[in-house]
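Participant: First, the structure itself, so that you have it in front of you.
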Amino acid sequence: MSMIFLVLLGPPVLFIILGIVGLLLKNKKMAKLFFILAGVYLLVGLGICGVMLSNFSLDTK
């Protein structure tokens, strides 16, 4: 269970940290890229891991 949370939140946190480092180094293009990657990964991770965590099933039987 904790591994799912690590996969869900680990990379977006790392990407946000890298984006902040890019802002501090005055590299706005790199910072923008990492902030967008963090948002996309968080959105996809919440969708996939959220379904796994909630035991959601599309079984219509």
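Residues are referred to by chain and number: the chain letter is A, B, ... according to the order shown in the structure tokens, the number counts from 1 in that chain, and ligands are numbered separately from 1 in the order shown.
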Mind checking which residues fall within 9 Å of stretch 3-11 of chain A, counting only C-alpha atoms, ignoring those fewer than 3 positions away in the same chain, and posting them as a list in words?

Facilitator: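 Final neighbour list, sorted by chain and number: Leu14, Phe15, Ile16, Ala38, Tyr41, Leu42, Val44, Gly45, Leu46, Ile48, Cys49, Gly50, Met52 and Leu53 of chain A.
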
Participant: Per DSSP on the backbone, what are the alpha helix (DSSP H) residues of chain A, as a count of residues only?

Facilitator: 50

Participant: Extract, using only C-alpha atoms, all DNA, RNA and protein residues at most 10 Å from A:Gly19, discarding same-chain residues fewer than 3 positions from it, and format them as a list in words.

Facilitator: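 The residues satisfying every condition are Val13, Leu14, Phe15, Ile16, Gly22, Leu23, Leu24, Leu25, Asn27, Lys28, Lys29, Met30, Ala31, Lys32, Leu33, Phe34, Phe35, Ile36, Leu37 and Ala38 of chain A.
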